[in-house]
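Q: Hey, dropping work_3.tsv in here, TSV, N, CA and C atoms:
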chain	number	residue	atom	x	y	z
K	792	MET	N	-8.22	-4.00	-19.08
K	792	MET	CA	-6.96	-4.21	-18.39
K	792	MET	C	-7.22	-5.03	-17.12
K	793	ARG	N	-6.39	-6.01	-16.90
K	793	ARG	CA	-6.52	-6.86	-15.72
K	793	ARG	C	-6.21	-6.07	-14.46
K	794	ALA	N	-6.96	-6.32	-13.41
K	794	ALA	CA	-6.72	-5.66	-12.12
K	794	ALA	C	-5.37	-6.10	-11.56
K	795	LEU	N	-4.76	-5.23	-10.78
K	795	LEU	CA	-3.49	-5.51	-10.14
K	795	LEU	C	-3.69	-5.55	-8.63
K	796	ARG	N	-3.35	-6.65	-8.02
K	796	ARG	CA	-3.45	-6.84	-6.57
K	796	ARG	C	-2.05	-7.12	-6.04
K	797	ILE	N	-1.63	-6.33	-5.06
K	797	ILE	CA	-0.28	-6.48	-4.51
K	797	ILE	C	-0.37	-6.72	-3.01
K	798	VAL	N	0.35	-7.72	-2.52
K	798	VAL	CA	0.42	-8.02	-1.10
K	798	VAL	C	1.81	-7.62	-0.61
K	799	VAL	N	1.86	-6.73	0.39
K	799	VAL	CA	3.12	-6.33	1.01
K	799	VAL	C	3.18	-7.07	2.34
K	800	ILE	N	4.20	-7.93	2.51
K	800	ILE	CA	4.21	-8.82	3.68
K	800	ILE	C	5.28	-8.50	4.72
K	801	THR	N	6.15	-7.54	4.43
K	801	THR	CA	7.19	-7.20	5.40
K	801	THR	C	7.19	-5.70	5.67
K	802	ALA	N	7.77	-5.32	6.78
K	802	ALA	CA	7.87	-3.90	7.15
K	802	ALA	C	9.09	-3.27	6.49
K	803	ASP	N	9.19	-3.43	5.19
K	803	ASP	CA	10.29	-2.89	4.40
K	803	ASP	C	9.73	-1.73	3.58
K	804	ALA	N	10.14	-0.52	3.93
K	804	ALA	CA	9.60	0.68	3.29
K	804	ALA	C	9.87	0.71	1.79
K	805	GLU	N	10.98	0.16	1.35
K	805	GLU	CA	11.29	0.18	-0.08
K	805	GLU	C	10.42	-0.80	-0.86
K	806	ARG	N	10.02	-1.89	-0.24
K	806	ARG	CA	9.08	-2.80	-0.90
K	806	ARG	C	7.71	-2.12	-1.02
K	807	LEU	N	7.31	-1.40	0.02
K	807	LEU	CA	6.06	-0.66	-0.05
K	807	LEU	C	6.16	0.42	-1.12
K	808	ARG	N	7.28	1.11	-1.19
K	808	ARG	CA	7.47	2.14	-2.22
K	808	ARG	C	7.33	1.54	-3.61
K	809	GLY	N	7.97	0.41	-3.84
K	809	GLY	CA	7.89	-0.26	-5.14
K	809	GLY	C	6.47	-0.68	-5.46
K	810	ALA	N	5.75	-1.19	-4.47
K	810	ALA	CA	4.37	-1.59	-4.68
K	810	ALA	C	3.50	-0.38	-5.02
K	811	LEU	N	3.73	0.74	-4.34
K	811	LEU	CA	2.97	1.96	-4.62
K	811	LEU	C	3.26	2.50	-6.01
K	812	VAL	N	4.52	2.42	-6.43
K	812	VAL	CA	4.88	2.88	-7.78
K	812	VAL	C	4.13	2.05	-8.83
K	813	LEU	N	4.14	0.73	-8.67
K	813	LEU	CA	3.43	-0.14	-9.62
K	813	LEU	C	1.93	0.13	-9.61
K	814	ALA	N	1.38	0.31	-8.42
K	814	ALA	CA	-0.07	0.53	-8.31
K	814	ALA	C	-0.47	1.87	-8.91
K	815	THR	N	0.32	2.92	-8.71
K	815	THR	CA	-0.02	4.21	-9.30
K	815	THR	C	0.15	4.17	-10.81
K	816	ALA	N	1.13	3.43	-11.31
K	816	ALA	CA	1.28	3.28	-12.76
K	816	ALA	C	0.05	2.57	-13.34
K	817	GLN	N	-0.42	1.54	-12.67
K	817	GLN	CA	-1.62	0.83	-13.10
K	817	GLN	C	-2.81	1.78	-13.13
K	818	ALA	N	-2.97	2.58	-12.08
K	818	ALA	CA	-4.09	3.53	-12.02
K	818	ALA	C	-3.96	4.60	-13.11
K	819	ALA	N	-2.74	5.05	-13.38
K	819	ALA	CA	-2.52	6.05	-14.42
K	819	ALA	C	-2.92	5.52	-15.80
K	820	LEU	N	-2.80	4.22	-15.98
K	820	LEU	CA	-3.19	3.59	-17.25
K	820	LEU	C	-4.68	3.27	-17.30
K	821	GLY	N	-5.39	3.62	-16.23
K	821	GLY	CA	-6.83	3.38	-16.19
K	821	GLY	C	-7.23	2.05	-15.59
K	822	GLY	N	-6.28	1.36	-15.02
K	822	GLY	CA	-6.57	0.05	-14.43
K	822	GLY	C	-6.86	0.13	-12.95
K	823	GLU	N	-7.41	-0.94	-12.43
K	823	GLU	CA	-7.72	-1.05	-11.01
K	823	GLU	C	-6.52	-1.63	-10.29
K	824	ALA	N	-6.21	-1.05	-9.11
K	824	ALA	CA	-5.08	-1.54	-8.32
K	824	ALA	C	-5.43	-1.49	-6.84
K	825	SER	N	-4.92	-2.47	-6.11
K	825	SER	CA	-5.09	-2.47	-4.67
K	825	SER	C	-3.87	-3.09	-4.01
K	826	LEU	N	-3.57	-2.59	-2.81
K	826	LEU	CA	-2.48	-3.10	-2.00
K	826	LEU	C	-3.04	-3.62	-0.69
K	827	PHE	N	-2.58	-4.78	-0.28
K	827	PHE	CA	-2.94	-5.35	1.02
K	827	PHE	C	-1.67	-5.39	1.85
K	828	LEU	N	-1.64	-4.64	2.94
K	828	LEU	CA	-0.49	-4.65	3.84
K	828	LEU	C	-0.78	-5.66	4.93
K	829	GLN	N	-0.04	-6.76	4.91
K	829	GLN	CA	-0.29	-7.88	5.80
K	829	GLN	C	0.63	-7.83	7.02
K	830	LEU	N	0.09	-8.14	8.16
K	830	LEU	CA	0.80	-8.29	9.42
K	830	LEU	C	1.82	-7.17	9.66
K	831	ASP	N	3.12	-7.49	9.68
K	831	ASP	CA	4.16	-6.51	10.04
K	831	ASP	C	4.21	-5.31	9.10
K	832	ALA	N	3.75	-5.46	7.88
K	832	ALA	CA	3.79	-4.36	6.91
K	832	ALA	C	2.91	-3.20	7.34
K	833	VAL	N	1.89	-3.45	8.15
K	833	VAL	CA	0.99	-2.38	8.60
K	833	VAL	C	1.74	-1.32	9.39
K	834	ALA	N	2.80	-1.70	10.09
K	834	ALA	CA	3.58	-0.75	10.88
K	834	ALA	C	4.15	0.38	10.02
K	835	LEU	N	4.29	0.15	8.72
K	835	LEU	CA	4.80	1.18	7.82
K	835	LEU	C	3.86	2.37	7.72
K	836	LEU	N	2.61	2.20	8.14
K	836	LEU	CA	1.61	3.26	8.04
K	836	LEU	C	1.58	4.15	9.29
K	837	ALA	N	2.47	3.89	10.26
K	837	ALA	CA	2.51	4.70	11.47
K	837	ALA	C	2.91	6.13	11.14
K	838	SER	N	2.32	7.05	11.88
K	838	SER	CA	2.63	8.47	11.69
K	838	SER	C	3.85	8.84	12.52
K	839	PRO	N	4.74	9.66	12.01
K	839	PRO	CA	4.74	10.23	10.66
K	839	PRO	C	5.24	9.19	9.65
K	840	LEU	N	4.56	9.15	8.53
K	840	LEU	CA	4.89	8.18	7.48
K	840	LEU	C	6.18	8.63	6.80
K	841	ALA	N	7.22	7.83	6.95
K	841	ALA	CA	8.52	8.18	6.37
K	841	ALA	C	9.31	6.91	6.11
K	842	ALA	N	10.30	7.03	5.25
K	842	ALA	CA	11.16	5.89	4.92
K	842	ALA	C	12.61	6.33	4.99
K	843	PRO	N	13.52	5.43	5.33
K	843	PRO	CA	14.94	5.78	5.43
K	843	PRO	C	15.51	6.38	4.14
K	844	GLU	N	14.99	6.00	2.99
K	844	GLU	CA	15.53	6.48	1.71
K	844	GLU	C	14.79	7.71	1.17
K	845	ASP	N	13.90	8.30	1.96
K	845	ASP	CA	13.14	9.46	1.47
K	845	ASP	C	14.03	10.61	1.01
K	846	ALA	N	15.08	10.91	1.75
K	846	ALA	CA	15.95	12.03	1.37
K	846	ALA	C	16.61	11.79	0.01
K	847	ALA	N	17.05	10.58	-0.22
K	847	ALA	CA	17.67	10.26	-1.51
K	847	ALA	C	16.66	10.37	-2.64
K	848	HIS	N	15.45	9.93	-2.39
K	848	HIS	CA	14.41	10.02	-3.42
K	848	HIS	C	14.06	11.48	-3.70
K	849	GLN	N	13.95	12.28	-2.64
K	849	GLN	CA	13.66	13.71	-2.83
K	849	GLN	C	14.77	14.39	-3.62
K	850	ALA	N	16.01	14.05	-3.30
K	850	ALA	CA	17.15	14.65	-3.99
K	850	ALA	C	17.14	14.32	-5.49
K	851	ALA	N	16.56	13.18	-5.83
K	851	ALA	CA	16.47	12.77	-7.22
K	851	ALA	C	15.18	13.28	-7.89
K	852	GLY	N	14.41	14.07	-7.15
K	852	GLY	CA	13.18	14.62	-7.71
K	852	GLY	C	12.00	13.66	-7.64
K	853	LEU	N	12.11	12.65	-6.81
K	853	LEU	CA	11.04	11.65	-6.66
K	853	LEU	C	10.26	11.91	-5.38
K	854	PRO	N	9.03	11.42	-5.30
K	854	PRO	CA	8.23	11.67	-4.10
K	854	PRO	C	8.71	10.86	-2.90
K	855	THR	N	8.43	11.39	-1.71
K	855	THR	CA	8.67	10.63	-0.48
K	855	THR	C	7.64	9.51	-0.40
K	856	LEU	N	7.83	8.62	0.54
K	856	LEU	CA	6.87	7.53	0.73
K	856	LEU	C	5.49	8.09	1.07
K	857	ALA	N	5.43	9.10	1.93
K	857	ALA	CA	4.15	9.71	2.30
K	857	ALA	C	3.48	10.35	1.10
K	858	GLU	N	4.24	11.03	0.27
K	858	GLU	CA	3.68	11.67	-0.93
K	858	GLU	C	3.18	10.62	-1.92
K	859	LEU	N	3.93	9.54	-2.05
K	859	LEU	CA	3.54	8.48	-2.96
K	859	LEU	C	2.27	7.79	-2.49
K	860	LEU	N	2.15	7.57	-1.18
K	860	LEU	CA	0.94	6.96	-0.65
K	860	LEU	C	-0.26	7.87	-0.88
K	861	ALA	N	-0.11	9.16	-0.63
K	861	ALA	CA	-1.20	10.11	-0.86
K	861	ALA	C	-1.59	10.14	-2.33
K	862	GLU	N	-0.60	10.12	-3.21
K	862	GLU	CA	-0.87	10.12	-4.66
K	862	GLU	C	-1.64	8.86	-5.06
K	863	ALA	N	-1.23	7.72	-4.52
K	863	ALA	CA	-1.91	6.46	-4.85
K	863	ALA	C	-3.38	6.53	-4.42
K	864	LEU	N	-3.63	7.01	-3.21
K	864	LEU	CA	-5.00	7.11	-2.73
K	864	LEU	C	-5.80	8.07	-3.59
K	865	ASP	N	-5.20	9.20	-3.96
K	865	ASP	CA	-5.87	10.19	-4.81
K	865	ASP	C	-6.22	9.61	-6.18
K	866	MET	N	-5.42	8.65	-6.65
K	866	MET	CA	-5.64	8.05	-7.97
K	866	MET	C	-6.62	6.88	-7.91
K	867	GLY	N	-7.12	6.58	-6.73
K	867	GLY	CA	-8.09	5.50	-6.59
K	867	GLY	C	-7.53	4.14	-6.26
K	868	VAL	N	-6.24	4.08	-5.93
K	868	VAL	CA	-5.65	2.80	-5.51
K	868	VAL	C	-6.22	2.46	-4.13
K	869	ALA	N	-6.70	1.25	-3.96
K	869	ALA	CA	-7.22	0.81	-2.67
K	869	ALA	C	-6.06	0.32	-1.81
K	870	LEU	N	-5.96	0.86	-0.61
K	870	LEU	CA	-4.95	0.39	0.36
K	870	LEU	C	-5.69	-0.22	1.53
K	871	ILE	N	-5.36	-1.48	1.82
K	871	ILE	CA	-6.06	-2.23	2.86
K	871	ILE	C	-5.03	-2.67	3.89
K	872	ALA	N	-5.29	-2.30	5.15
K	872	ALA	CA	-4.43	-2.69	6.26
K	872	ALA	C	-5.04	-3.91	6.94
K	873	CYS	N	-4.22	-4.90	7.16
K	873	CYS	CA	-4.63	-6.15	7.81
K	873	CYS	C	-5.07	-5.88	9.25
K	874	GLN	N	-6.21	-6.43	9.64
K	874	GLN	CA	-6.71	-6.26	10.99
K	874	GLN	C	-5.72	-6.79	12.03
K	875	SER	N	-5.17	-7.95	11.79
K	875	SER	CA	-4.19	-8.52	12.73
K	875	SER	C	-2.93	-7.67	12.77
K	876	GLY	N	-2.56	-7.09	11.63
K	876	GLY	CA	-1.39	-6.21	11.58
K	876	GLY	C	-1.59	-4.96	12.41
K	877	LEU	N	-2.81	-4.45	12.47
K	877	LEU	CA	-3.10	-3.30	13.34
K	877	LEU	C	-2.78	-3.66	14.79
K	878	ALA	N	-3.23	-4.82	15.21
K	878	ALA	CA	-2.97	-5.26	16.58
K	878	ALA	C	-1.47	-5.44	16.83
K	879	LEU	N	-0.77	-6.05	15.88
K	879	LEU	CA	0.67	-6.27	16.03
K	879	LEU	C	1.45	-4.97	16.13
K	880	SER	N	1.02	-3.97	15.36
K	880	SER	CA	1.77	-2.71	15.30
K	880	SER	C	1.31	-1.70	16.34
K	881	GLY	N	0.25	-2.01	17.07
K	881	GLY	CA	-0.25	-1.08	18.07
K	881	GLY	C	-0.99	0.10	17.47
K	882	LEU	N	-1.36	-0.01	16.19
K	882	LEU	CA	-2.10	1.06	15.53
K	882	LEU	C	-3.59	0.80	15.64
K	883	SER	N	-4.38	1.82	15.38
K	883	SER	CA	-5.83	1.67	15.34
K	883	SER	C	-6.34	2.34	14.07
K	884	ALA	N	-7.60	2.10	13.77
K	884	ALA	CA	-8.18	2.63	12.54
K	884	ALA	C	-8.04	4.14	12.45
K	885	ASP	N	-8.19	4.85	13.58
K	885	ASP	CA	-8.13	6.31	13.53
K	885	ASP	C	-6.72	6.87	13.43
K	886	THR	N	-5.70	6.01	13.53
K	886	THR	CA	-4.32	6.49	13.37
K	886	THR	C	-3.77	6.22	11.97
K	887	LEU	N	-4.54	5.52	11.16
K	887	LEU	CA	-4.10	5.23	9.79
K	887	LEU	C	-4.29	6.47	8.92
K	888	PRO	N	-3.50	6.59	7.86
K	888	PRO	CA	-3.72	7.69	6.92
K	888	PRO	C	-5.14	7.65	6.37
K	889	ALA	N	-5.72	8.82	6.16
K	889	ALA	CA	-7.08	8.90	5.63
K	889	ALA	C	-7.18	8.15	4.30
K	890	GLY	N	-8.21	7.35	4.16
K	890	GLY	CA	-8.42	6.61	2.92
K	890	GLY	C	-7.96	5.16	2.98
K	891	VAL	N	-7.17	4.80	3.99
K	891	VAL	CA	-6.73	3.41	4.12
K	891	VAL	C	-7.85	2.61	4.76
K	892	GLU	N	-8.20	1.50	4.13
K	892	GLU	CA	-9.26	0.62	4.62
K	892	GLU	C	-8.68	-0.45	5.53
K	893	ILE	N	-9.55	-1.08	6.29
K	893	ILE	CA	-9.15	-2.20	7.15
K	893	ILE	C	-9.84	-3.45	6.63
K	894	GLY	N	-9.09	-4.54	6.55
K	894	GLY	CA	-9.66	-5.79	6.07
K	894	GLY	C	-8.76	-6.95	6.42
K	895	GLY	N	-9.10	-8.07	5.90
K	895	GLY	CA	-8.32	-9.27	6.14
K	895	GLY	C	-8.00	-9.97	4.84
K	896	PRO	N	-7.21	-11.02	4.92
K	896	PRO	CA	-6.82	-11.72	3.70
K	896	PRO	C	-8.01	-12.34	2.96
K	897	LEU	N	-9.03	-12.76	3.69
K	897	LEU	CA	-10.20	-13.36	3.02
K	897	LEU	C	-10.92	-12.34	2.15
K	898	SER	N	-11.16	-11.16	2.70
K	898	SER	CA	-11.87	-10.15	1.90
K	898	SER	C	-11.00	-9.68	0.73
K	899	PHE	N	-9.70	-9.59	0.94
K	899	PHE	CA	-8.80	-9.20	-0.15
K	899	PHE	C	-8.84	-10.23	-1.28
K	900	LEU	N	-8.77	-11.49	-0.92
K	900	LEU	CA	-8.78	-12.54	-1.93
K	900	LEU	C	-10.15	-12.68	-2.59
K	901	GLN	N	-11.22	-12.38	-1.87
K	901	GLN	CA	-12.56	-12.41	-2.47
K	901	GLN	C	-12.67	-11.37	-3.58
K	902	GLN	N	-11.93	-10.26	-3.46
K	902	GLN	CA	-11.96	-9.21	-4.47
K	902	GLN	C	-11.02	-9.51	-5.63
K	903	THR	N	-10.25	-10.57	-5.53
K	903	THR	CA	-9.26	-10.93	-6.54
K	903	THR	C	-9.80	-12.05	-7.40
K	904	ASP	N	-10.28	-11.69	-8.58
K	904	ASP	CA	-10.84	-12.72	-9.45
K	904	ASP	C	-9.73	-13.42	-10.24
K	905	ASP	N	-10.13	-14.38	-11.04
K	905	ASP	CA	-9.16	-15.19	-11.79
K	905	ASP	C	-8.35	-14.41	-12.81
K	906	ASP	N	-8.87	-13.27	-13.25
K	906	ASP	CA	-8.17	-12.47	-14.25
K	906	ASP	C	-7.17	-11.49	-13.65
K	907	ALA	N	-7.25	-11.26	-12.35
K	907	ALA	CA	-6.36	-10.29	-11.71
K	907	ALA	C	-4.92	-10.79	-11.65
K	908	ARG	N	-4.01	-9.83	-11.69
K	908	ARG	CA	-2.59	-10.15	-11.47
K	908	ARG	C	-2.32	-9.98	-9.97
K	909	LEU	N	-1.77	-10.99	-9.34
K	909	LEU	CA	-1.46	-10.96	-7.93
K	909	LEU	C	0.06	-10.97	-7.76
K	910	LEU	N	0.59	-9.94	-7.13
K	910	LEU	CA	2.03	-9.82	-6.91
K	910	LEU	C	2.33	-9.82	-5.41
K	911	ILE	N	3.40	-10.49	-5.03
K	911	ILE	CA	3.89	-10.46	-3.67
K	911	ILE	C	5.37	-10.15	-3.73
K	912	PRO	N	5.70	-8.82	-3.70
K	912	PRO	CA	7.11	-8.43	-3.86
K	912	PRO	C	7.94	-8.74	-2.63
Please express the file's structure as structure tokens.
A:
Amino acid sequence: MRALRIVVITADAERLRGALVLATAQAALGGEASLFLQLDAVALLASPLAAPEDAAHQAAGLPTLAELLAEALDMGVALIACQSGLALSGLSADTLPAGVEIGGPLSFLQQTDDDARLLIP
């Protein structure tokens, strides 16, 4: 199965939610998945991790954004926060959720071979 690489480029919690759903589905099928949160998107990782639509998702029996992120990490999905995004959002490595890595676009793209699927939702 081809690896799945997703770049989240905006601080839109629902785009992150969609990316996490796709990545966890890929992992559930036994495939490799990673998300790169670029620039402003890193702010979505601020504690407490929550999204405006969490209540609606919970009411429908779906996980919150925080639960989905934890599930993705537990399933082996790599989450990478952009170094520049940390500076923009005022976050630091020790304030990120456990398991989130720090990197840049070069290292992310180096891990993306020609067979990988690259999505930018």
Q: Between K:Ser825, K:Leu870, K:Pro854, K:Leu820, which has the minimum distance to K:Leu795 (counting only N, CA and C atoms)?
A: K:Ser825
Q: I'd like the contact shell of K:Ala863 - 8 Å cut-off, all atoms listed in the file, skipping same-chain residues fewer than 3 positions apart - returned as a ChimeraX atom specification.
A: /K:811-812,814-816,857-860,866-870
Q: The selected residues should be written to file as a PDB file, keeping the file's coordinate frame (atoms: N, CA and C atoms).
A:
ATOM      1  N   LEU K 811       3.730   0.740  -4.340  1.00  0.00           N
ATOM      2  CA  LEU K 811       2.970   1.960  -4.620  1.00  0.00           C
ATOM      3  C   LEU K 811       3.260   2.500  -6.010  1.00  0.00           C
ATOM      4  N   VAL K 812       4.520   2.420  -6.430  1.00  0.00           N
ATOM      5  CA  VAL K 812       4.880   2.880  -7.780  1.00  0.00           C
ATOM      6  C   VAL K 812       4.130   2.050  -8.830  1.00  0.00           C
ATOM      7  N   ALA K 814       1.380   0.310  -8.420  1.00  0.00           N
ATOM      8  CA  ALA K 814      -0.070   0.530  -8.310  1.00  0.00           C
ATOM      9  C   ALA K 814      -0.470   1.870  -8.910  1.00  0.00           C
ATOM     10  N   THR K 815       0.320   2.920  -8.710  1.00  0.00           N
ATOM     11  CA  THR K 815      -0.020   4.210  -9.300  1.00  0.00           C
ATOM     12  C   THR K 815       0.150   4.170 -10.810  1.00  0.00           C
ATOM     13  N   ALA K 816       1.130   3.430 -11.310  1.00  0.00           N
ATOM     14  CA  ALA K 816       1.280   3.280 -12.760  1.00  0.00           C
ATOM     15  C   ALA K 816       0.050   2.570 -13.340  1.00  0.00           C
ATOM     16  N   ALA K 857       5.430   9.100   1.930  1.00  0.00           N
ATOM     17  CA  ALA K 857       4.150   9.710   2.300  1.00  0.00           C
ATOM     18  C   ALA K 857       3.480  10.350   1.100  1.00  0.00           C
ATOM     19  N   GLU K 858       4.240  11.030   0.270  1.00  0.00           N
ATOM     20  CA  GLU K 858       3.680  11.670  -0.930  1.00  0.00           C
ATOM     21  C   GLU K 858       3.180  10.620  -1.920  1.00  0.00           C
ATOM     22  N   LEU K 859       3.930   9.540  -2.050  1.00  0.00           N
ATOM     23  CA  LEU K 859       3.540   8.480  -2.960  1.00  0.00           C
ATOM     24  C   LEU K 859       2.270   7.790  -2.490  1.00  0.00           C
ATOM     25  N   LEU K 860       2.150   7.570  -1.180  1.00  0.00           N
ATOM     26  CA  LEU K 860       0.940   6.960  -0.650  1.00  0.00           C
ATOM     27  C   LEU K 860      -0.260   7.870  -0.880  1.00  0.00           C
ATOM     28  N   MET K 866      -5.420   8.650  -6.650  1.00  0.00           N
ATOM     29  CA  MET K 866      -5.640   8.050  -7.970  1.00  0.00           C
ATOM     30  C   MET K 866      -6.620   6.880  -7.910  1.00  0.00           C
ATOM     31  N   GLY K 867      -7.120   6.580  -6.730  1.00  0.00           N
ATOM     32  CA  GLY K 867      -8.090   5.500  -6.590  1.00  0.00           C
ATOM     33  C   GLY K 867      -7.530   4.140  -6.260  1.00  0.00           C
ATOM     34  N   VAL K 868      -6.240   4.080  -5.930  1.00  0.00           N
ATOM     35  CA  VAL K 868      -5.650   2.800  -5.510  1.00  0.00           C
ATOM     36  C   VAL K 868      -6.220   2.460  -4.130  1.00  0.00           C
ATOM     37  N   ALA K 869      -6.700   1.250  -3.960  1.00  0.00           N
ATOM     38  CA  ALA K 869      -7.220   0.810  -2.670  1.00  0.00           C
ATOM     39  C   ALA K 869      -6.060   0.320  -1.810  1.00  0.00           C
ATOM     40  N   LEU K 870      -5.960   0.860  -0.610  1.00  0.00           N
ATOM     41  CA  LEU K 870      -4.950   0.390   0.360  1.00  0.00           C
ATOM     42  C   LEU K 870      -5.690  -0.220   1.530  1.00  0.00           C
TER      43      LEU K 870
END
Q: Using atom CA of K:Gly895 and atom CA of K:Asp845 as the two end points, give the distance in Å to one decimal.
A: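 Interatomic distance here is 28.9 Å.
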Q: List every residue of chain K that DSSP, applied to the backbone of this structure, places in helix (DSSP H, G or I), and write the result as a ChimeraX atom specification.
A: /K:804-819,830-836,845-850,856-865,874-880,884-886,896-901
Q: Extract, using only C-alpha atoms, all DNA, RNA and protein residues at most 12 Å from K:Ala884, discarding same-chain residues fewer than 4 positions from it, and format them as a list in words.
A: Val833, Leu836, Ala837, Ile871, Ala872, Cys873, Gln874, Ser875, Gly876, Leu877, Ala878, Ser880, Pro888, Ala889, Gly890, Val891, Glu892, Ile893 and Gly894 of chain K
Q: So what do you get for atom CA of K:Ile800 versus atom CA of K:Leu840, distance-wise?
A: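 For atom CA of K:Ile800 relative to atom CA of K:Leu840, the distance reads 17.4 Å.
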Q: Tell me which protein, DNA and RNA residues are within 6.5 Å of stretch 906-912 of chain K, counting all atoms listed in the file, leaving out same-chain ones fewer than 5 positions away, and put them as a PyMOL selection string.
A: chain K and resi 793-800+806
Q: Counting only C-alpha atoms, which of K:Asp905, K:Gln849, K:Leu826, K:Ser883 gets nearest to K:Leu864?
A: K:Leu826
Q: Nearest residue to K:Leu807 out of K:Asp904, K:Leu856, K:Ala847, K:Ala861, using only N, CA and C atoms?
A: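 Closest residue, counting only N, CA and C atoms: K:Leu856.
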Q: If you run DSSP over the backbone, which residues in stretch 819-904 of chain K end up strand (DSSP E or B)? Put them as number ranges by chain.
A: K: 824-828, 869-873, 892-894
Q: Calculate how many Å separate atom N of K:Asp803 from atom C of K:Leu900, rounding to one decimal.
A: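 Going from atom N of K:Asp803 over to atom C of K:Leu900, I get 22.8 Å.
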